[in-house]
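*Asks:* The structure is given below, and queries will be raised subsequently.
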Amino acid sequence: MLPEQSSSEATRTTVQARAARARRAARSRIATARAAIIAAVAGTTCGLALFIQSSASGSSNASARTSAGGVPGSVQPLFDGGGGSASDDGGVHGSDGYSSGASPPGVSSGQGDVVSGGS
Amino acid sequence: VTASVPAAVAHTSSWYWYFGRATGLVALVLLTATIVLGVLGPLRISSTVWPRFAIRTLHRDLALLSLLVIAIHVVAVVLDGYVHVPLSVAVLPVGSSYRPFWMALGAVSFDLLLAIVLTSLLRRQFGNRIWRLVHWLTYASWPLAVAHGLGTGSDSTQVWALAITVGCCAVVVVAALARVQRSQLPRARTRAPSQPLEAERG
């Protein structure tokens, strides 16, 4: 084997080894980024849910629901205390998704507040 | 005492609702990150720390994570039970009694995303041409998802939610503009040397 050939092969081997090391390092970084993203997504989702819950309970539980599908001003809060008729329990009437007199699960129509002051 | 059980049920239902809303927004952010990495991919942005294959892998992982978060979003909304949203609404643009138009947009967006992810995972089977054609649907899927969020999201009028949505839109627009601008550069470079050649031929 000529000295020139062995030199070029050595160079090639060095370059390949360097590339392999870079790939391994990049894969390690990908794994770290993957774990960080999953943790961030889980944390953000839970934090956001808590934030939405706290902001909803700050006003009224129903306001979020009402704004979700309701006609603003046309409905009464869902959990605002006291009994209500089947038509003012937070249900939205018409084509917006809620049936007339709709109640949340476990709450019969007209029962009114079962969360904040329904004793 | 009798009210405590329904109260617990109502609270559980509310938590599904809050969780559904949170996952919706997180899914939008994830989709935005996915689309930005995808749009910037052909620009060959890379470094020694983050080579191109690493960015491609991240793009794929984010897309899969987006699908997972959207699946959780759908399940949470279906389980909520306050409004009747059947599970089929996730993929079928009909059948929702709750804000049917905006829900349909979400379903179509999800269908397109499913097609994009499936053709990407089975790229060898489908071939590059079909993969590329389907991948262009991203430009339809993402705006539909944004519209779905704005129309359906109960927090869409809140300042913080609007800030997230506007931020996502801004990032995607900037990435798309960068892509368009960059895509015009090679053409200019290839045309310039060809002109003298043609002149020589003529």
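Letters A, B, ... go to the chains of the structure tokens in the order shown; residues in each chain start at 1; ligands are counted from 1 in the same order.
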Neighbouring residues of B:Leu79 were defined as those with any atom within 9 Å, considering only C-alpha atoms; residues of the same chain fewer than 4 positions away were excluded. Please report them as a list in words.

*Replies:*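 Counting only C-alpha atoms, the residues come to Ser13, Tyr16, Trp17, Val74, Val75 and Val85 of chain B.
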
*Asks:* Would you mind exporting all heavy atoms of the selected residues as a PDB file, in the first residue's frame?

*Replies:*
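Output saved as selection_16.pdb:
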```
ATOM      1  N   SER B  13     -66.874  16.824  35.833  1.00  0.00           N
ATOM      2  CA  SER B  13     -67.216  17.247  34.488  1.00  0.00           C
ATOM      3  C   SER B  13     -66.528  18.562  34.153  1.00  0.00           C
ATOM      4  O   SER B  13     -65.993  18.735  33.063  1.00  0.00           O
ATOM      5  CB  SER B  13     -68.729  17.383  34.376  1.00  0.00           C
ATOM      6  OG  SER B  13     -69.062  17.933  33.133  1.00  0.00           O
ATOM      7  N   TYR B  16     -62.956  18.096  33.201  1.00  0.00           N
ATOM      8  CA  TYR B  16     -62.800  17.648  31.814  1.00  0.00           C
ATOM      9  C   TYR B  16     -62.828  18.861  30.889  1.00  0.00           C
ATOM     10  O   TYR B  16     -62.070  18.949  29.939  1.00  0.00           O
ATOM     11  CB  TYR B  16     -63.919  16.680  31.420  1.00  0.00           C
ATOM     12  CG  TYR B  16     -63.767  15.289  31.974  1.00  0.00           C
ATOM     13  CD1 TYR B  16     -64.834  14.650  32.602  1.00  0.00           C
ATOM     14  CD2 TYR B  16     -62.567  14.600  31.846  1.00  0.00           C
ATOM     15  CE1 TYR B  16     -64.697  13.364  33.098  1.00  0.00           C
ATOM     16  CE2 TYR B  16     -62.427  13.317  32.344  1.00  0.00           C
ATOM     17  CZ  TYR B  16     -63.502  12.714  32.974  1.00  0.00           C
ATOM     18  OH  TYR B  16     -63.364  11.445  33.455  1.00  0.00           O
ATOM     19  N   TRP B  17     -63.734  19.766  31.215  1.00  0.00           N
ATOM     20  CA  TRP B  17     -63.896  20.967  30.384  1.00  0.00           C
ATOM     21  C   TRP B  17     -62.638  21.827  30.426  1.00  0.00           C
ATOM     22  O   TRP B  17     -62.108  22.243  29.394  1.00  0.00           O
ATOM     23  CB  TRP B  17     -65.113  21.737  30.895  1.00  0.00           C
ATOM     24  CG  TRP B  17     -65.510  22.920  30.071  1.00  0.00           C
ATOM     25  CD1 TRP B  17     -65.401  24.238  30.402  1.00  0.00           C
ATOM     26  CD2 TRP B  17     -66.114  22.898  28.780  1.00  0.00           C
ATOM     27  NE1 TRP B  17     -65.889  25.030  29.406  1.00  0.00           N
ATOM     28  CE2 TRP B  17     -66.327  24.242  28.395  1.00  0.00           C
ATOM     29  CE3 TRP B  17     -66.475  21.873  27.905  1.00  0.00           C
ATOM     30  CZ2 TRP B  17     -66.889  24.579  27.184  1.00  0.00           C
ATOM     31  CZ3 TRP B  17     -67.036  22.232  26.692  1.00  0.00           C
ATOM     32  CH2 TRP B  17     -67.244  23.557  26.356  1.00  0.00           C
ATOM     33  N   VAL B  74     -59.796  15.783  22.482  1.00  0.00           N
ATOM     34  CA  VAL B  74     -61.079  15.230  22.009  1.00  0.00           C
ATOM     35  C   VAL B  74     -61.730  14.398  23.116  1.00  0.00           C
ATOM     36  O   VAL B  74     -62.923  14.570  23.423  1.00  0.00           O
ATOM     37  CB  VAL B  74     -60.851  14.366  20.740  1.00  0.00           C
ATOM     38  CG1 VAL B  74     -62.107  13.575  20.398  1.00  0.00           C
ATOM     39  CG2 VAL B  74     -60.443  15.234  19.574  1.00  0.00           C
ATOM     40  N   VAL B  75     -60.932  13.531  23.740  1.00  0.00           N
ATOM     41  CA  VAL B  75     -61.477  12.655  24.784  1.00  0.00           C
ATOM     42  C   VAL B  75     -62.012  13.487  25.954  1.00  0.00           C
ATOM     43  O   VAL B  75     -63.097  13.219  26.493  1.00  0.00           O
ATOM     44  CB  VAL B  75     -60.392  11.650  25.260  1.00  0.00           C
ATOM     45  CG1 VAL B  75     -60.841  10.920  26.518  1.00  0.00           C
ATOM     46  CG2 VAL B  75     -60.087  10.647  24.156  1.00  0.00           C
ATOM     47  N   VAL B  85     -71.128  16.007  22.703  1.00  0.00           N
ATOM     48  CA  VAL B  85     -70.190  15.958  21.586  1.00  0.00           C
ATOM     49  C   VAL B  85     -69.798  14.496  21.397  1.00  0.00           C
ATOM     50  O   VAL B  85     -69.035  13.947  22.187  1.00  0.00           O
ATOM     51  CB  VAL B  85     -68.937  16.819  21.862  1.00  0.00           C
ATOM     52  CG1 VAL B  85     -67.958  16.736  20.705  1.00  0.00           C
ATOM     53  CG2 VAL B  85     -69.312  18.264  22.123  1.00  0.00           C
TER      54      VAL B  85
END
```

*Asks:* What is the distance between atom CA of B:Ala104 and atom CA of B:Arg132, in Å to one decimal?

*Replies:* 25.1 Å

*Asks:* Between atom CA of B:Tyr18 and atom CA of B:Ala161, what is the distance, to one decimal in Å?

*Replies:*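 Interatomic distance, atom CA of B:Tyr18 to atom CA of B:Ala161: 13.6 Å.
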
*Asks:* What's the 9 Å shell around B:Leu31, counting only C-alpha atoms, without same-chain residues fewer than 5 positions away, as a compact mmCIF listing (two decimals) with N, CA and C atoms, in the first residue's frame?

*Replies:*
```
# COMPACT_ATOMS: atom_id res chain seq x y z
N VAL B 26 -52.73 24.08 24.06
CA VAL B 26 -51.39 23.47 23.99
C VAL B 26 -51.20 22.81 22.62
N VAL B 36 -43.67 25.36 12.01
CA VAL B 36 -42.53 26.26 11.85
C VAL B 36 -41.27 25.46 11.51
N LEU B 62 -42.64 16.35 17.35
CA LEU B 62 -43.64 17.38 17.71
C LEU B 62 -44.97 17.09 17.03
N ALA B 63 -44.92 16.62 15.79
CA ALA B 63 -46.15 16.28 15.07
C ALA B 63 -46.89 15.14 15.78
N LEU B 65 -46.56 14.28 18.92
CA LEU B 65 -47.03 14.79 20.22
C LEU B 65 -48.29 15.64 20.04
N SER B 66 -48.34 16.40 18.95
CA SER B 66 -49.54 17.20 18.66
C SER B 66 -50.75 16.29 18.51
N LEU B 67 -50.55 15.19 17.77
CA LEU B 67 -51.66 14.25 17.58
C LEU B 67 -52.13 13.69 18.92
N TRP B 142 -53.57 23.83 9.49
CA TRP B 142 -53.24 24.74 10.60
C TRP B 142 -54.22 25.92 10.69
N ALA B 145 -57.37 24.77 12.20
CA ALA B 145 -57.24 24.55 13.65
C ALA B 145 -57.34 25.89 14.40
```

*Asks:* Between A:Ser8, A:Arg18, A:Arg27, A:Ala39, which residue has the minimum interatomic distance to chain B, considering only C-alpha atoms?

*Replies:* A:Arg27

*Asks:* Within 9 Å of A:Gly47, counting only C-alpha atoms, which residues qualify if same-chain residues fewer than 5 places away don't, as number ranges by chain?

*Replies:* A: 42, 52; B: 22
